[in-house]
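Note sheet for the following structure.
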Amino acid sequence: MTPAARLQAAVEVLDEVITSARDDGSPADAIVTRYFKQRRYAGSKDRRAVRELVFRAIRRSAERPASGRRAVLGLMDDEPGLAEFFGQPRGPDPRREGEAGAATSIVPEWLVPELSPLVPEDEWPALLERAPLDLRTNVSRASRDELLKQFEGARATPLSPWGIRLPHDSRIDDHPAFRSGLVEVQDEGSQLIALACQPQDGERILDLCAGAGGKSLALAAAAPQATILATDSNRARLSKLAPRAERAGAAIEARLLNPPKELEELADWSGVADLVLVDAPCSGSGTWRRNPEGRWRLTPERLDRVVALQARLLGMAAQLVKPGGHVVYAVCSLLSREGAAQIGDFLRNRSSWISEATPIAAGRSDGDGQLLTPGHDRTDGFFVARLRRPC
């Protein structure tokens with residue numbers, strides 16, 4: 001592909017990303033992969049160049065552009081050399097006089113008042129820095145020190161005692177340690193959420209919003225003799241847990257739930273769980289480093305819906321945990337309404353519940369929880385709170 005053709009390909013991919021963001025469809029990575037599956041003539045350098053153009057365009061604009069063309073035109077503000085490819089064969093149409101590109105911004109304007117006070121404007125650039133590749137050691141089967149020697153360029157994560165940090169472009173799918181279940185890909189912040197749970201052997205642990213089971217696997221590694229139930233309402237996500245658990249040698253039961261009947265379907269766990277982890281659906285604002293188009297997906301209406309869902313899930317967890325047991329609430333969000341305010345509302349409605357400090361040496365106090373941020377902690381953004389039901 002010529003440079004002009006690569007730029008036109010980026011326009012076409014971005015058009016799909018914009019449509020997908022509006023309709024809550026596939027993520028940008030999946031769209032890029034699908035685009036090139038239909039264009040086998042493109043070589044690896046072409047695919048890499050187009051992907052970099054697409055993600056540079058996504059990262060520079062917090063507001064969803066009207067089109068892929070506008071998104072690419074915006075790149076010319078930072079890369080004026082791209083102008084020569086407009087109007088070339090197989091390239092984008094010539095630029096029209098006065099035609100503007102997408103404006104540069106980091107946080108959508110409507111979302112700024114929602115940010116936690118612990119995310120000041122001078123930390124915003126960190127929200128879009130390229131995230132590192134972190135692995136979590138399966139501590140039930142190996143030690144981190146042993147595994148650090150097996151990966152080129154590896155170093156220990158500074159906050160999680162389980163973590164290994166690799167260079168950005170590392171590939172691990174075929175690595176023996178990954179294939180044998182000794183490591184899992186997991187951001188250091190996610191590892192700290194599992195640490196905040198303080199899982200113990202012999203406990204009954206419920207991961208209420210397990211998704212593909214990353215935190216369930218971390219809990220099982222830390223407490224291999226615990227009874228762990230991973231639940232979710234998304235069949236496709238939850239189906240990914242079984243092969244991961246088999247590879248890791250973890251005994252985890254999975255159960256698909258059907259809203260709004262979750263409490264009926266969890267009747268055997270009502271009031272008996274030692275720990276309920278609520279890693280709730282959220283805005284995803286803490287993962288913009290990995291998914292910058294998440295800013296294009298979020299709307300005030302969608303934020304209202306996830307905040308309401310978080311409150312409902314916390315209410316369910318309060319009924320499932322036993323007296324003296326714990327609820328750990330986590331969201332990959334930097335927004336006060338999803339973090340400190342959500343837990344503040346929970347505790348106001350349940351005055352006998354107790355907020356406890358989490359055992360993680362990271363983050364900053366935010367209401368009755370802790371907030372980890374890319375700018376301060378160099379992790380994905382997470383709010384976490386640990387709550388105890390009275391005996």
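Residues are named by chain letter and number: chains run A, B, ... in the order of the structure tokens, numbers start at 1 in each chain, and ligands are numbered from 1 in the order shown.
By only C-alpha atoms, and with residues fewer than 5 positions from Thr137 in chain A along its chain excluded, the set lying at most 6 Å from it is Arg144, Trp162 and Val183 of chain A.
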I'd like to know which residues of range 122-315 of chain A are helix (DSSP H, G or I) (by DSSP, run on the backbone); could you write them as a count of residues only? 77
Would you kindly return, as a ChimeraX atom specification, each protein, DNA or RNA residue with an atom no farther than 12 Å from any atom of Ala218 in chain A, considering only C-alpha atoms and excluding same-chain residues fewer than 4 positions away? /A:135-140,160,162-163,181-188,190-199,207,210,213-214,222-224,226,228,230,244-245,248-252
What gap, in Å, lies between CA of Ile164 in chain A and CA of Val32 in chain A? 28.0 Å
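In this structure, CA of Leu303 in chain A sits 15.6 Å away from CA of Glu63 in chain A.
As for CA of Pro92 in chain A and CA of Arg6 in chain A, they are spaced 9.5 Å apart.
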So, counting only C-alpha atoms, which residue among A:Phe151, A:Phe383, A:Phe55, A:Trp296 is closest to Gly363 in chain A? A:Phe383
Just checking: using only C-alpha atoms, which residue out of A:Val276, A:Ala42, A:Leu127, A:Leu238 ends up closest to Leu219 in chain A? A:Val276
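With only C-alpha atoms as the atoms that count, the residue of A:Phe178, A:Trp288, A:Trp353, A:Tyr329 with the shortest distance to Ser61 in chain A is A:Trp288.
Restricting the calculation to only C-alpha atoms, the smallest distance between Ala362 in chain A and any of A:Gly189, A:Gly325, A:Pro120, A:Pro176 is found for A:Gly189.
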DSSP strand (DSSP E or B) selection over range 336-371 of chain A, as a PyMOL selection string: chain A and resi 354-356+364-366+369-371
Any chance you could export the current selection's N, CA, C and O atoms as an mmCIF file, in the first residue's frame?
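Generated output (selection03.cif):
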```
data_model
loop_
_atom_site.group_PDB
_atom_site.id
_atom_site.type_symbol
_atom_site.label_atom_id
_atom_site.label_comp_id
_atom_site.auth_asym_id
_atom_site.auth_seq_id
_atom_site.Cartn_x
_atom_site.Cartn_y
_atom_site.Cartn_z
ATOM 1 N N ILE A 354 -19.783 -1.017 57.719
ATOM 2 C CA ILE A 354 -18.515 -0.404 58.088
ATOM 3 C C ILE A 354 -17.605 -0.341 56.860
ATOM 4 O O ILE A 354 -17.426 -1.330 56.141
ATOM 5 N N SER A 355 -17.030 0.828 56.644
ATOM 6 C CA SER A 355 -16.036 0.989 55.584
ATOM 7 C C SER A 355 -14.659 0.701 56.162
ATOM 8 O O SER A 355 -14.270 1.275 57.177
ATOM 9 N N GLU A 356 -13.923 -0.222 55.511
ATOM 10 C CA GLU A 356 -12.599 -0.592 55.989
ATOM 11 C C GLU A 356 -11.526 -0.143 54.998
ATOM 12 O O GLU A 356 -11.775 -0.058 53.790
ATOM 13 N N ARG A 364 -5.060 6.934 46.319
ATOM 14 C CA ARG A 364 -5.300 7.998 47.292
ATOM 15 C C ARG A 364 -6.720 7.877 47.822
ATOM 16 O O ARG A 364 -7.616 7.394 47.118
ATOM 17 N N SER A 365 -6.917 8.293 49.060
ATOM 18 C CA SER A 365 -8.250 8.229 49.664
ATOM 19 C C SER A 365 -9.222 9.084 48.872
ATOM 20 O O SER A 365 -8.927 10.240 48.543
ATOM 21 N N ASP A 366 -10.368 8.507 48.579
ATOM 22 C CA ASP A 366 -11.429 9.207 47.856
ATOM 23 C C ASP A 366 -12.747 8.822 48.507
ATOM 24 O O ASP A 366 -13.287 7.753 48.241
ATOM 25 N N GLY A 369 -13.291 5.160 49.913
ATOM 26 C CA GLY A 369 -12.525 4.200 49.130
ATOM 27 C C GLY A 369 -11.193 4.772 48.715
ATOM 28 O O GLY A 369 -10.720 5.776 49.259
ATOM 29 N N GLN A 370 -10.567 4.123 47.744
ATOM 30 C CA GLN A 370 -9.293 4.570 47.193
ATOM 31 C C GLN A 370 -9.417 4.693 45.692
ATOM 32 O O GLN A 370 -10.107 3.898 45.040
ATOM 33 N N LEU A 371 -8.725 5.678 45.158
ATOM 34 C CA LEU A 371 -8.714 5.885 43.716
ATOM 35 C C LEU A 371 -7.297 5.737 43.198
ATOM 36 O O LEU A 371 -6.380 6.417 43.659
#
```
Need the shell around Asp24 in chain A: protein/DNA/RNA residues with any atom at most 12 Å away, counting only C-alpha atoms. Skip same-chain ones fewer than 2 positions apart. Format as a list in words? Glu16, Val17, Ile18, Thr19, Ser20, Ala21, Arg22, Ser26, Pro27, Ala28, Glu293, Gly294, Arg295, Trp296, Arg297, Leu298, Thr299 and Arg302 of chain A
Selected residue, from A:Arg289, A:Arg388, A:Arg155, A:Arg96, that lies nearest to Ala317 in chain A when counting only C-alpha atoms: A:Arg388
Report as a compact mmCIF listing (two decimals) with N, CA and C atoms, in the first residue's frame all protein, DNA and RNA residues lying within 8 Å of Val13 in chain A, evaluated on only C-alpha atoms, omitting residues in the same chain fewer than 5 positions from it.
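Final file, selection-v3.txt:
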```txt
# COMPACT_ATOMS: atom_id res chain seq x y z
N ILE A 31 -12.22 -3.91 14.94
CA ILE A 31 -12.57 -3.35 13.63
C ILE A 31 -11.36 -3.32 12.72
N VAL A 32 -10.20 -2.94 13.26
CA VAL A 32 -8.97 -2.95 12.45
C VAL A 32 -8.67 -4.37 11.97
N TYR A 35 -11.09 -5.41 9.25
CA TYR A 35 -10.84 -4.67 8.01
C TYR A 35 -9.76 -5.37 7.19
N VAL A 54 -4.90 5.19 12.88
CA VAL A 54 -6.24 5.13 13.47
C VAL A 54 -6.19 5.51 14.94
N GLY A 68 -14.65 9.71 9.66
CA GLY A 68 -13.26 9.32 9.67
C GLY A 68 -12.38 10.34 8.98
```
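Among the candidates A:Val278, A:Leu347, A:Leu266, A:Leu309, the residue lying nearest to Lys215 in chain A is A:Val278 (atoms considered: only C-alpha atoms).
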Report as a count of residues only all protein, DNA and RNA residues lying within 7 Å of Gly381 in chain A, evaluated on only C-alpha atoms, omitting residues in the same chain fewer than 2 positions from it. 9
